[in-house]
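Asks: Structure: model.cif, mmCIF, C-alpha atoms.
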data_work
#
loop_
_atom_site.label_atom_id
_atom_site.label_comp_id
_atom_site.auth_asym_id
_atom_site.auth_seq_id
_atom_site.Cartn_x
_atom_site.Cartn_y
_atom_site.Cartn_z
CA MET A 1 -13.77 81.83 89.90
CA GLU A 2 -17.37 81.06 89.08
CA ASN A 3 -19.66 79.94 91.87
CA ILE A 4 -18.52 76.47 92.83
CA ASN A 5 -20.90 73.61 92.23
CA ARG A 6 -20.72 69.84 92.15
CA ARG A 7 -20.79 69.79 88.34
CA LYS A 8 -17.62 71.91 88.23
CA PHE A 9 -15.86 69.62 90.67
CA ILE A 10 -17.11 66.25 89.50
CA GLY A 11 -17.56 66.59 85.78
CA LYS A 12 -18.90 63.81 83.60
CA THR A 13 -17.28 64.82 80.36
CA ALA A 14 -13.55 64.63 81.11
CA LEU A 15 -11.82 62.57 78.45
CA ALA A 16 -9.00 61.23 80.62
CA ALA A 17 -9.09 57.75 82.07
CA GLY A 18 -8.80 57.45 85.86
CA ILE A 19 -5.46 56.75 87.51
CA GLY A 20 -5.48 53.54 89.53
CA ILE A 21 -4.48 53.52 93.18
CA ALA A 22 -0.91 52.22 93.41
CA GLY A 23 -0.28 49.55 96.02
CA ALA A 24 2.36 50.17 98.64
CA GLY A 25 3.61 46.58 98.59
CA ALA A 26 4.83 44.48 101.47
CA LEU A 27 7.46 45.94 103.73
CA ILE A 28 10.56 43.87 104.42
CA SER A 29 12.46 43.76 107.70
CA ALA A 30 15.73 45.68 107.68
CA CYS A 31 17.30 43.82 110.62
CA GLY A 32 20.88 42.96 109.82
CA LYS A 33 20.60 44.23 106.25
CA LYS A 34 22.62 46.86 104.46
CA MET A 35 20.46 49.73 103.30
CA PRO A 36 19.72 49.52 99.56
CA GLU A 37 21.32 52.02 97.23
CA ASN A 38 19.14 54.99 96.25
CA ARG A 39 18.80 53.86 92.64
CA GLU A 40 17.49 50.45 93.76
CA MET A 41 14.58 52.18 95.49
CA GLY A 42 13.89 54.75 92.79
CA LEU A 43 15.41 57.55 94.87
CA PRO A 44 17.45 60.50 93.59
CA PRO A 45 21.19 60.62 94.13
CA VAL A 46 22.50 62.73 97.00
CA LEU A 47 25.19 64.85 95.37
CA LYS A 48 27.96 67.17 96.51
CA GLY A 49 27.51 69.11 93.29
CA ALA A 50 26.42 68.71 89.71
CA PRO A 51 29.07 66.93 87.63
CA ALA A 52 31.08 68.83 85.07
CA GLY A 53 29.79 68.69 81.53
CA LYS A 54 28.40 70.78 78.72
CA LYS A 55 27.35 74.30 79.65
CA LEU A 56 23.65 74.40 80.50
CA ARG A 57 21.84 77.63 79.73
CA ALA A 58 18.54 78.27 81.47
CA ALA A 59 15.73 80.80 81.32
CA LEU A 60 13.66 81.80 84.34
CA ILE A 61 9.92 82.19 83.78
CA GLY A 62 8.35 83.95 86.76
CA CYS A 63 10.74 86.47 88.33
CA GLY A 64 9.23 86.88 91.79
CA ALA A 65 10.98 85.99 95.04
CA ARG A 66 10.66 82.21 94.63
CA GLY A 67 11.59 82.33 90.96
CA THR A 68 14.67 84.44 91.62
CA GLY A 69 15.58 82.08 94.44
CA ALA A 70 15.21 79.06 92.16
CA ALA A 71 17.45 80.70 89.55
CA ILE A 72 20.11 81.33 92.20
CA ASN A 73 19.77 77.71 93.35
CA PHE A 74 20.28 76.58 89.76
CA ILE A 75 23.53 78.48 89.21
CA SER A 76 24.73 77.34 92.66
CA ALA A 77 24.31 73.67 91.80
CA GLY A 78 27.54 73.16 89.87
CA PRO A 79 29.89 74.38 87.15
CA ASP A 80 28.84 75.93 83.85
CA LEU A 81 25.21 76.60 84.81
CA GLU A 82 23.97 79.95 83.53
CA ILE A 83 20.78 82.03 83.47
CA ILE A 84 20.57 83.72 80.06
CA GLY A 85 16.93 84.91 79.87
CA LEU A 86 13.98 86.09 81.93
CA ALA A 87 10.23 86.27 81.42
CA ASP A 88 7.47 87.66 83.59
CA VAL A 89 4.10 89.30 83.11
CA PHE A 90 5.44 92.44 84.81
CA GLN A 91 8.49 94.40 83.65
CA ASP A 92 9.25 95.61 87.18
CA GLN A 93 9.66 92.00 88.35
CA ILE A 94 12.15 91.38 85.56
CA ASP A 95 14.06 94.54 86.49
CA VAL A 96 14.41 93.51 90.14
CA CYS A 97 15.60 90.04 89.15
CA ARG A 98 18.17 91.44 86.70
CA GLU A 99 19.48 93.78 89.39
CA ARG A 100 19.92 90.82 91.72
CA PHE A 101 21.98 88.95 89.16
CA GLU A 102 23.99 92.04 88.27
CA SER A 103 24.92 92.28 91.97
CA PHE A 104 26.55 88.85 91.53
CA ASN A 105 28.37 90.14 88.42
CA LEU A 106 26.15 87.87 86.31
CA PRO A 107 24.40 90.26 83.92
CA ILE A 108 21.42 89.06 81.91
CA PRO A 109 21.11 90.88 78.56
CA GLU A 110 18.10 93.17 78.29
CA GLU A 111 17.30 91.76 74.85
CA ASN A 112 16.83 88.32 76.48
CA CYS A 113 14.11 89.58 78.83
CA PHE A 114 10.43 89.48 77.89
CA ALA A 115 7.43 90.99 79.68
CA GLY A 116 3.77 90.17 79.11
CA PHE A 117 1.58 87.10 79.04
CA ASP A 118 3.43 85.76 75.99
CA GLY A 119 6.90 86.38 77.42
CA TYR A 120 7.33 82.70 78.25
CA LYS A 121 7.06 81.77 74.58
CA LYS A 122 9.56 84.42 73.51
CA VAL A 123 12.18 83.44 76.07
CA MET A 124 11.94 79.77 75.05
CA GLU A 125 12.94 80.80 71.51
CA LEU A 126 16.37 81.98 72.65
CA PRO A 127 19.15 80.13 70.80
CA ASP A 128 21.16 77.51 72.72
CA LEU A 129 18.63 77.38 75.57
CA ASP A 130 18.71 74.03 77.38
CA VAL A 131 16.56 74.41 80.50
CA VAL A 132 13.54 76.40 81.65
CA LEU A 133 12.68 77.14 85.28
CA LEU A 134 8.89 77.44 85.63
CA CYS A 135 8.19 79.55 88.72
CA THR A 136 5.08 81.60 87.95
CA PRO A 137 1.86 81.30 89.97
CA PRO A 138 0.72 77.67 89.47
CA GLN A 139 -2.30 78.58 87.33
CA PHE A 140 0.13 79.03 84.43
CA ARG A 141 2.24 75.90 85.01
CA PRO A 142 0.37 73.47 82.70
CA GLU A 143 0.49 75.86 79.73
CA HIS A 144 4.14 76.73 80.29
CA PHE A 145 5.15 73.09 80.78
CA LEU A 146 3.38 72.12 77.57
CA GLU A 147 5.25 74.82 75.66
CA ALA A 148 8.58 73.75 77.19
CA VAL A 149 8.08 70.19 75.98
CA LYS A 150 7.08 71.43 72.53
CA MET A 151 10.27 73.52 72.45
CA ASN A 152 12.40 70.54 73.55
CA LYS A 153 13.62 72.02 76.86
CA HIS A 154 14.54 70.27 80.08
CA VAL A 155 12.37 71.54 82.93
CA PHE A 156 12.47 72.52 86.55
CA MET A 157 9.01 73.46 87.74
CA GLU A 158 7.84 74.59 91.14
CA LYS A 159 5.02 72.93 93.00
CA PRO A 160 2.06 72.88 92.93
CA VAL A 161 1.97 72.06 89.25
CA ALA A 162 -1.67 73.08 88.63
CA VAL A 163 -4.74 74.37 90.49
CA ASP A 164 -7.46 72.12 89.03
CA PRO A 165 -7.93 68.66 87.49
CA VAL A 166 -7.93 70.00 83.92
CA GLY A 167 -4.48 71.41 84.58
CA ILE A 168 -3.35 68.20 86.29
CA ARG A 169 -4.26 66.06 83.29
CA SER A 170 -2.41 68.49 81.03
CA VAL A 171 0.73 68.22 83.18
CA ILE A 172 0.55 64.42 83.19
CA THR A 173 0.22 64.36 79.40
CA SER A 174 3.17 66.75 79.00
CA ALA A 175 5.26 64.71 81.47
CA ARG A 176 4.66 61.57 79.44
CA LYS A 177 5.58 63.40 76.23
CA ALA A 178 8.75 64.65 77.91
CA GLU A 179 9.66 61.08 78.84
CA ALA A 180 9.05 59.87 75.31
CA ILE A 181 11.58 62.34 73.90
CA GLY A 182 14.07 62.20 76.79
CA LEU A 183 13.48 65.59 78.43
CA ASN A 184 14.37 65.59 82.12
CA VAL A 185 11.84 67.07 84.57
CA VAL A 186 12.51 67.92 88.22
CA THR A 187 9.92 69.53 90.50
CA GLY A 188 10.11 71.62 93.66
CA THR A 189 9.13 68.91 96.13
CA GLN A 190 12.37 69.41 98.05
CA ARG A 191 11.86 66.73 100.67
CA ARG A 192 12.28 64.02 98.04
CA HIS A 193 15.77 65.45 97.45
CA GLN A 194 16.61 65.94 101.12
CA GLU A 195 19.20 63.51 102.45
CA ASP A 196 17.67 62.98 105.90
CA TYR A 197 14.21 62.30 104.43
CA ILE A 198 15.73 59.91 101.89
CA GLU A 199 17.60 57.92 104.53
CA THR A 200 14.50 57.73 106.73
CA TYR A 201 12.39 56.58 103.77
CA LYS A 202 14.82 53.77 102.99
CA ARG A 203 14.51 52.39 106.51
CA ILE A 204 10.72 52.63 106.54
CA LYS A 205 10.50 50.77 103.23
CA GLU A 206 12.80 48.10 104.68
CA GLY A 207 10.35 47.54 107.54
CA ALA A 208 11.72 49.63 110.42
CA ILE A 209 8.23 50.44 111.76
CA GLY A 210 6.45 47.34 110.46
CA ARG A 211 3.21 47.67 108.53
CA ILE A 212 2.05 51.28 108.17
CA THR A 213 -1.25 51.88 109.99
CA SER A 214 -1.87 55.65 109.86
CA ALA A 215 -0.32 59.03 109.16
CA LYS A 216 -0.72 62.71 109.78
CA ALA A 217 0.62 65.78 108.02
CA TYR A 218 0.50 69.41 109.07
CA TRP A 219 1.58 72.87 107.97
CA ASN A 220 0.39 75.50 110.45
CA GLN A 221 1.84 79.00 110.19
CA ASP A 222 1.10 82.70 110.41
CA HIS A 223 -0.74 84.40 107.59
CA VAL A 224 1.47 85.00 104.58
CA TRP A 225 1.83 88.12 102.46
CA PHE A 226 -1.06 89.93 100.80
CA ARG A 227 -1.51 93.14 98.86
CA LEU A 228 -4.32 95.64 98.98
CA ARG A 229 -5.47 97.07 95.70
CA GLU A 230 -3.60 100.16 94.52
CA PRO A 231 -5.02 102.98 92.38
CA GLY A 232 -4.64 102.30 88.68
CA TRP A 233 -4.61 98.51 88.98
CA ASN A 234 -7.24 96.83 86.84
CA ASP A 235 -8.91 93.61 88.04
CA MET A 236 -6.36 91.30 86.44
CA GLU A 237 -3.30 93.21 87.60
CA TYR A 238 -4.62 93.33 91.17
CA MET A 239 -5.19 89.58 91.26
CA LEU A 240 -1.83 88.77 89.67
CA ARG A 241 0.02 91.00 92.12
CA ASN A 242 -1.97 89.39 94.95
CA TRP A 243 -1.88 85.90 93.44
CA ASN A 244 -1.15 84.08 96.68
CA ASN A 245 -4.66 84.96 97.91
CA PHE A 246 -6.83 83.82 94.97
CA CYS A 247 -7.67 80.16 94.52
CA TRP A 248 -7.69 80.29 90.72
CA LEU A 249 -4.08 81.48 90.74
CA CYS A 250 -2.50 79.56 93.64
CA GLY A 251 -4.91 76.73 94.42
CA ASP A 252 -5.31 77.84 98.08
CA HIS A 253 -2.63 77.17 100.68
CA ILE A 254 -3.49 73.48 100.95
CA LEU A 255 -1.80 73.32 97.52
CA ASP A 256 0.66 76.16 97.75
CA THR A 257 2.41 74.98 100.95
CA HIS A 258 0.76 71.90 102.47
CA VAL A 259 1.25 69.91 99.27
CA HIS A 260 4.80 69.28 100.52
CA ASN A 261 3.53 67.29 103.51
CA ILE A 262 0.81 65.57 101.49
CA ASP A 263 3.47 64.51 98.98
CA VAL A 264 5.62 63.03 101.76
CA VAL A 265 2.73 60.89 103.01
CA ASN A 266 1.97 59.67 99.48
CA TRP A 267 5.68 58.92 99.00
CA PHE A 268 6.13 56.96 102.23
CA LEU A 269 2.84 55.08 101.83
CA GLY A 270 3.58 54.33 98.18
CA LYS A 271 0.06 55.13 97.02
CA TYR A 272 -2.55 57.86 96.57
CA PRO A 273 -5.73 58.16 98.67
CA GLU A 274 -9.00 56.63 97.55
CA ARG A 275 -11.18 59.39 98.98
CA ALA A 276 -11.23 62.50 101.16
CA ILE A 277 -13.65 64.18 103.53
CA GLY A 278 -13.04 67.24 105.65
CA TYR A 279 -13.73 70.86 106.35
CA GLY A 280 -12.18 74.31 106.44
CA GLY A 281 -13.09 77.94 106.76
CA ARG A 282 -12.14 81.58 106.61
CA ALA A 283 -11.92 83.83 109.66
CA ARG A 284 -9.09 86.34 109.39
CA ARG A 285 -8.13 86.91 105.75
CA VAL A 286 -8.67 90.40 104.33
CA THR A 287 -8.09 89.81 100.60
CA GLY A 288 -8.81 87.09 98.06
CA ASP A 289 -11.25 84.20 98.30
CA GLN A 290 -9.46 81.31 99.97
CA TYR A 291 -9.62 79.61 103.36
CA ASP A 292 -7.62 80.19 106.54
CA PHE A 293 -7.61 76.52 107.56
CA PHE A 294 -8.26 72.96 106.37
CA SER A 295 -8.70 69.66 108.19
CA ILE A 296 -8.92 66.66 105.87
CA ASP A 297 -9.08 62.90 106.33
CA PHE A 298 -7.49 61.07 103.40
CA TYR A 299 -8.38 57.38 103.23
CA TYR A 300 -5.75 55.16 101.57
CA GLY A 301 -7.54 51.82 101.80
CA ASN A 302 -7.02 48.79 104.05
CA GLY A 303 -7.93 50.83 107.12
CA VAL A 304 -5.14 53.40 106.65
CA SER A 305 -5.99 57.10 106.91
CA SER A 306 -3.94 60.27 107.07
CA HIS A 307 -5.16 63.31 108.95
CA SER A 308 -3.99 66.36 107.03
CA MET A 309 -4.29 69.88 108.40
CA CYS A 310 -3.01 73.32 107.50
CA ARG A 311 -3.67 76.80 108.82
CA GLN A 312 -2.53 80.35 108.08
CA ILE A 313 -3.65 82.50 111.01
CA ASP A 314 -1.50 84.83 113.10
CA SER A 315 -0.83 84.27 116.83
CA CYS A 316 -1.56 80.53 116.85
CA ALA A 317 0.53 77.45 117.65
CA ASN A 318 2.56 76.60 114.56
CA GLY A 319 4.41 73.59 113.18
CA THR A 320 5.21 71.74 109.99
CA GLY A 321 5.86 68.07 109.47
CA GLU A 322 4.65 64.51 109.04
CA ILE A 323 4.18 61.47 111.30
CA ILE A 324 3.74 57.90 110.06
CA MET A 325 2.67 55.14 112.46
CA GLY A 326 3.39 51.46 112.02
CA THR A 327 2.79 48.21 113.85
CA GLU A 328 6.30 48.32 115.34
CA GLY A 329 7.00 52.04 115.75
CA TYR A 330 6.65 55.46 114.17
CA THR A 331 8.69 58.12 112.39
CA ASN A 332 8.69 61.86 111.75
CA CYS A 333 9.78 61.01 108.17
CA GLN A 334 12.71 63.41 108.39
CA ASN A 335 15.33 62.03 110.74
CA THR A 336 14.07 59.79 113.59
CA ILE A 337 12.38 56.43 114.15
CA TRP A 338 10.91 55.47 117.54
CA ASP A 339 9.40 52.31 118.98
CA HIS A 340 5.94 52.45 120.59
CA ASN A 341 7.48 53.26 123.97
CA GLY A 342 9.03 56.43 122.58
CA LYS A 343 12.57 55.05 122.50
CA VAL A 344 14.70 56.23 119.59
CA VAL A 345 15.72 53.21 117.51
CA TRP A 346 17.40 55.14 114.69
CA GLN A 347 18.39 58.74 114.05
CA PHE A 348 19.97 60.40 111.06
CA GLU A 349 23.53 61.55 111.69
CA TYR A 350 24.01 65.16 110.62
CA PRO A 351 27.47 66.52 109.74
CA LYS A 352 29.63 68.23 112.34
CA ASP A 353 31.43 71.55 112.17
CA GLU A 354 35.19 71.98 112.59
CA TYR A 355 34.76 71.94 116.38
CA GLY A 356 32.85 68.66 116.40
CA ASN A 357 29.45 70.22 117.03
CA THR A 358 26.48 68.64 115.25
CA LEU A 359 25.06 71.11 112.73
CA ASN A 360 21.49 69.71 112.79
CA GLN A 361 21.16 70.34 109.08
CA ILE A 362 22.14 68.53 105.94
CA GLU A 363 25.21 69.61 104.03
CA ILE A 364 23.49 70.56 100.75
CA PRO A 365 20.12 72.34 101.05
CA PRO A 366 17.36 70.49 99.16
CA TYR A 367 16.55 73.66 97.19
CA VAL A 368 20.00 73.30 95.61
CA GLN A 369 20.10 69.48 95.61
CA GLU A 370 17.10 69.29 93.24
CA HIS A 371 18.92 71.44 90.67
CA MET A 372 22.03 69.32 91.10
CA HIS A 373 19.89 66.31 90.25
CA LEU A 374 18.52 67.99 87.11
CA ALA A 375 21.98 68.94 85.85
CA TYR A 376 23.29 65.48 86.79
CA ALA A 377 20.50 63.78 84.83
CA ILE A 378 21.06 65.93 81.74
CA ARG A 379 24.83 65.48 81.76
CA THR A 380 25.01 61.77 82.61
CA GLY A 381 21.90 60.44 80.88
CA ASP A 382 20.57 59.03 84.17
CA TYR A 383 17.03 60.08 83.32
CA VAL A 384 14.63 61.74 85.79
CA ASN A 385 11.01 62.81 85.38
CA GLU A 386 9.06 63.87 88.48
CA GLY A 387 6.21 65.54 86.59
CA GLU A 388 3.53 62.90 87.02
CA GLN A 389 4.24 62.05 90.66
CA THR A 390 4.05 65.72 91.64
CA ALA A 391 0.89 66.17 89.56
CA LEU A 392 -0.76 63.33 91.48
CA SER A 393 0.27 64.74 94.86
CA THR A 394 -1.10 68.10 93.72
CA LEU A 395 -4.32 66.31 92.74
CA THR A 396 -4.45 64.81 96.24
CA ALA A 397 -4.41 68.33 97.67
CA ILE A 398 -7.09 69.40 95.17
CA MET A 399 -9.25 66.48 96.34
CA GLY A 400 -8.85 67.63 99.95
CA ARG A 401 -9.62 71.24 99.05
CA THR A 402 -12.71 70.19 97.14
CA ALA A 403 -13.96 68.09 100.07
CA ALA A 404 -13.60 71.11 102.37
CA TYR A 405 -15.12 73.62 99.93
CA THR A 406 -18.17 71.45 99.24
CA GLY A 407 -18.63 69.45 102.44
CA LEU A 408 -18.84 66.33 100.28
CA GLN A 409 -16.85 63.13 100.29
CA ILE A 410 -14.71 63.23 97.15
CA THR A 411 -13.26 60.10 95.57
CA TRP A 412 -10.03 59.83 93.60
CA ASP A 413 -11.85 58.80 90.43
CA GLU A 414 -14.27 61.74 90.71
CA ILE A 415 -11.56 64.34 91.15
CA TYR A 416 -9.31 62.88 88.46
CA LYS A 417 -12.12 62.96 85.88
CA SER A 418 -13.51 66.32 87.01
CA ASP A 419 -13.93 69.12 84.47
CA MET A 420 -13.07 71.73 87.13
CA ASP A 421 -11.21 74.52 85.33
CA LEU A 422 -10.64 77.55 87.57
CA GLY A 423 -10.22 81.13 86.49
CA PRO A 424 -11.39 83.31 83.61
CA SER A 425 -11.67 81.76 80.17
CA LYS A 426 -9.38 84.48 78.80
CA ILE A 427 -6.48 85.84 80.81
CA GLU A 428 -5.62 89.40 79.84
CA PHE A 429 -5.21 92.77 81.53
CA GLY A 430 -8.44 94.67 82.19
CA PRO A 431 -11.72 94.04 83.98
CA VAL A 432 -12.59 90.46 84.93
CA ASP A 433 -16.30 89.62 84.83
CA MET A 434 -16.28 86.97 87.54
CA VAL A 435 -17.36 86.69 91.15
CA PHE A 436 -14.68 85.41 93.53
CA GLU A 437 -16.71 84.24 96.49
CA THR A 438 -15.34 82.24 99.39
CA PRO A 439 -16.91 78.73 99.20
CA ILE A 440 -19.51 77.81 101.82
CA PRO A 441 -19.85 74.03 102.26
CA GLY A 442 -23.30 72.50 102.20
CA THR A 443 -25.00 75.42 100.44
CA SER A 444 -26.98 75.20 97.23
CA VAL A 445 -24.22 76.79 95.11
CA ASN A 446 -21.67 74.22 96.26
CA VAL A 447 -23.46 70.86 96.07
#
Give the structure from this file in structure tokens form.

Replies:
Amino acid sequence: MENINRRKFIGKTALAAGIGIAGAGALISACGKKMPENREMGLPPVLKGAPAGKKLRAALIGCGARGTGAAINFISAGPDLEIIGLADVFQDQIDVCRERFESFNLPIPEENCFAGFDGYKKVMELPDLDVVLLCTPPQFRPEHFLEAVKMNKHVFMEKPVAVDPVGIRSVITSARKAEAIGLNVVTGTQRRHQEDYIETYKRIKEGAIGRITSAKAYWNQDHVWFRLREPGWNDMEYMLRNWNNFCWLCGDHILDTHVHNIDVVNWFLGKYPERAIGYGGRARRVTGDQYDFFSIDFYYGNGVSSHSMCRQIDSCANGTGEIIMGTEGYTNCQNTIWDHNGKVVWQFEYPKDEYGNTLNQIEIPPYVQEHMHLAYAIRTGDYVNEGEQTALSTLTAIMGRTAAYTGLQITWDEIYKSDMDLGPSKIEFGPVDMVFETPIPGTSVNV
């Protein structure tokens, strides 16, 4: 990534028009009312399994741990769902994924597997391919999504959907093209497909905590995986094999993980923030160029702010979740609503086991439920397209990251129109003539 400066973050030449801030709308009291059906509130169905229908053949693009997991989730979602092709930059990743599927007695033909930077294009040319699962590092998501729409494929894509505003605008454009031609798009924001979150959301929108006044979101955990450089790796291979530690590939962990919580706040508030200010820093990381922690204030207008924090440092207090406060109570967004005295006024009822013990988990994991929804939409014609909403939540995280990296207050309009485009201009194996410095807020290279 080139040295970060205000011109990179807040460009003047972006061609896209700004996205307006959506209003949350008035909340209505739920007292004595039956909860609305999911469809009435624009929510996904909660399914026991994908309905039967035509066989759906999918290709996995990005064969790492999350990609392989997503492919397993896909075939677990219902009948006649099949993985027929694989693509990844690295052949060894493809080999490991194929071995995993062979262990399930689900072989993937070698001739349907494609390594290299252009592998995603080759796998999309397979005959009778219906769906692509886009699970590479997020730097590549906009390009791969664009190609999927061009090739007329339904899409599951992991979050975050881009690492910079140029990528975000590309995803939004592709999502709108997908809608125009009827291609279904589901994204990896699992909480929007999680039954307990959905039921809590319905009650909040019906007025269970009154008018929303503030929120907070947090994802604090130990440091995640990293790789030290091995002999024989050129610059590009090292960064790709260590992608989770370079901002141009993953967007920093405020995108890679904390975007889940940011998305929940946007969802429950029904709008996107007007501006962000905050800070972050790096203390313990040993590879890459990103931060260890972020603390961001997102302002949503009308006096409503959300404090958003995330940290990846070992041996610290950890926790993940969201809290939304209202004039009449508050919620953890997942399963409980309290009044201001701390009394539980509603709690989601989880299923029980055969002995009558509460399981404290939903019946269908959201990682599988989202694939059920995709197959359901394709087979029934009940259209779904989550591309733009996830792009805008990813942009929210980018706005927070930018505020921390620069020390500046960043507005929604500035970040949406920014010409920030991270990473090398040409992505190929070999040396990379770029400096990947950790941003220092308030310095001459960052303002």

Asks: On this file, the PyMOL selection byres ((chain A and resi 290-298) around 8) gives some set of residues; write that set as a PyMOL selection string.

Replies: chain A and resi 245-247+252-254+273-285+288-289+299-300+305-313+400-401+403-404+438-439

Asks: How big is the axis-aligned box around the listed atoms of range 320-330 of chain A once 6 Å is added on each side, and where is its centre? Give both in Å to one decimal, as JSON.

Replies:
{"center_x": 4.8, "center_y": 60.0, "center_z": 112.4, "size_x": 16.3, "size_y": 35.5, "size_z": 18.7}

Asks: Take CA of Arg241 in chain A and CA of Arg229 in chain A and report the distance between them in Å, one decimal.

Replies: 8.9 Å

Asks: Neighbours of Asn234 in chain A within 8 Å (only C-alpha atoms; same-chain residues fewer than 2 positions away dropped), as a VMD selection string?

Replies: chain A and resid 232 236 to 238 429 to 431

Asks: Restricting it to C-alpha atoms, dump the selection as a PDB file, in the frame of the given file.

Replies:
ATOM      1  CA  GLY A 232      -4.640 102.300  88.680  1.00  0.00           C
ATOM      2  CA  MET A 236      -6.360  91.300  86.440  1.00  0.00           C
ATOM      3  CA  GLU A 237      -3.300  93.210  87.600  1.00  0.00           C
ATOM      4  CA  TYR A 238      -4.620  93.330  91.170  1.00  0.00           C
ATOM      5  CA  PHE A 429      -5.210  92.770  81.530  1.00  0.00           C
ATOM      6  CA  GLY A 430      -8.440  94.670  82.190  1.00  0.00           C
ATOM      7  CA  PRO A 431     -11.720  94.040  83.980  1.00  0.00           C
TER       8      PRO A 431
END

Asks: Please expand the PyMOL selection byres ((chain A and resi 161) around 9) into the concrete residues it hits in this file, giving the result as a PyMOL selection string.

Replies: chain A and resi 138-142+157-160+162-163+167-168+171+187+387+390-391+394

Asks: Print the selection's residues with C-alpha atoms to a file, as a PDB file, in the coordinates of the input.

Replies:
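selection.pdb written:
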ATOM      1  CA  PRO A 138       0.720  77.670  89.470  1.00  0.00           C
ATOM      2  CA  GLN A 139      -2.300  78.580  87.330  1.00  0.00           C
ATOM      3  CA  PHE A 140       0.130  79.030  84.430  1.00  0.00           C
ATOM      4  CA  ARG A 141       2.240  75.900  85.010  1.00  0.00           C
ATOM      5  CA  PRO A 142       0.370  73.470  82.700  1.00  0.00           C
ATOM      6  CA  MET A 157       9.010  73.460  87.740  1.00  0.00           C
ATOM      7  CA  GLU A 158       7.840  74.590  91.140  1.00  0.00           C
ATOM      8  CA  LYS A 159       5.020  72.930  93.000  1.00  0.00           C
ATOM      9  CA  PRO A 160       2.060  72.880  92.930  1.00  0.00           C
ATOM     10  CA  ALA A 162      -1.670  73.080  88.630  1.00  0.00           C
ATOM     11  CA  VAL A 163      -4.740  74.370  90.490  1.00  0.00           C
ATOM     12  CA  GLY A 167      -4.480  71.410  84.580  1.00  0.00           C
ATOM     13  CA  ILE A 168      -3.350  68.200  86.290  1.00  0.00           C
ATOM     14  CA  VAL A 171       0.730  68.220  83.180  1.00  0.00           C
ATOM     15  CA  THR A 187       9.920  69.530  90.500  1.00  0.00           C
ATOM     16  CA  GLY A 387       6.210  65.540  86.590  1.00  0.00           C
ATOM     17  CA  THR A 390       4.050  65.720  91.640  1.00  0.00           C
ATOM     18  CA  ALA A 391       0.890  66.170  89.560  1.00  0.00           C
ATOM     19  CA  THR A 394      -1.100  68.100  93.720  1.00  0.00           C
TER      20      THR A 394
END

Asks: Write out as number ranges by chain each polymer residue whose atoms come within 7 Å of Asp339 in chain A, counting all atoms listed in the file; drop sequence neighbours fewer than 3 positions from it.

Replies: A: 328-330, 342-345

Asks: Care to translate the PyMOL selection byres ((chain A and resi 94-107) around 9) into actual residues of this file, as a PyMOL selection string?

Replies: chain A and resi 62-65+67-68+72+82-84+86-93+108-110+113-115
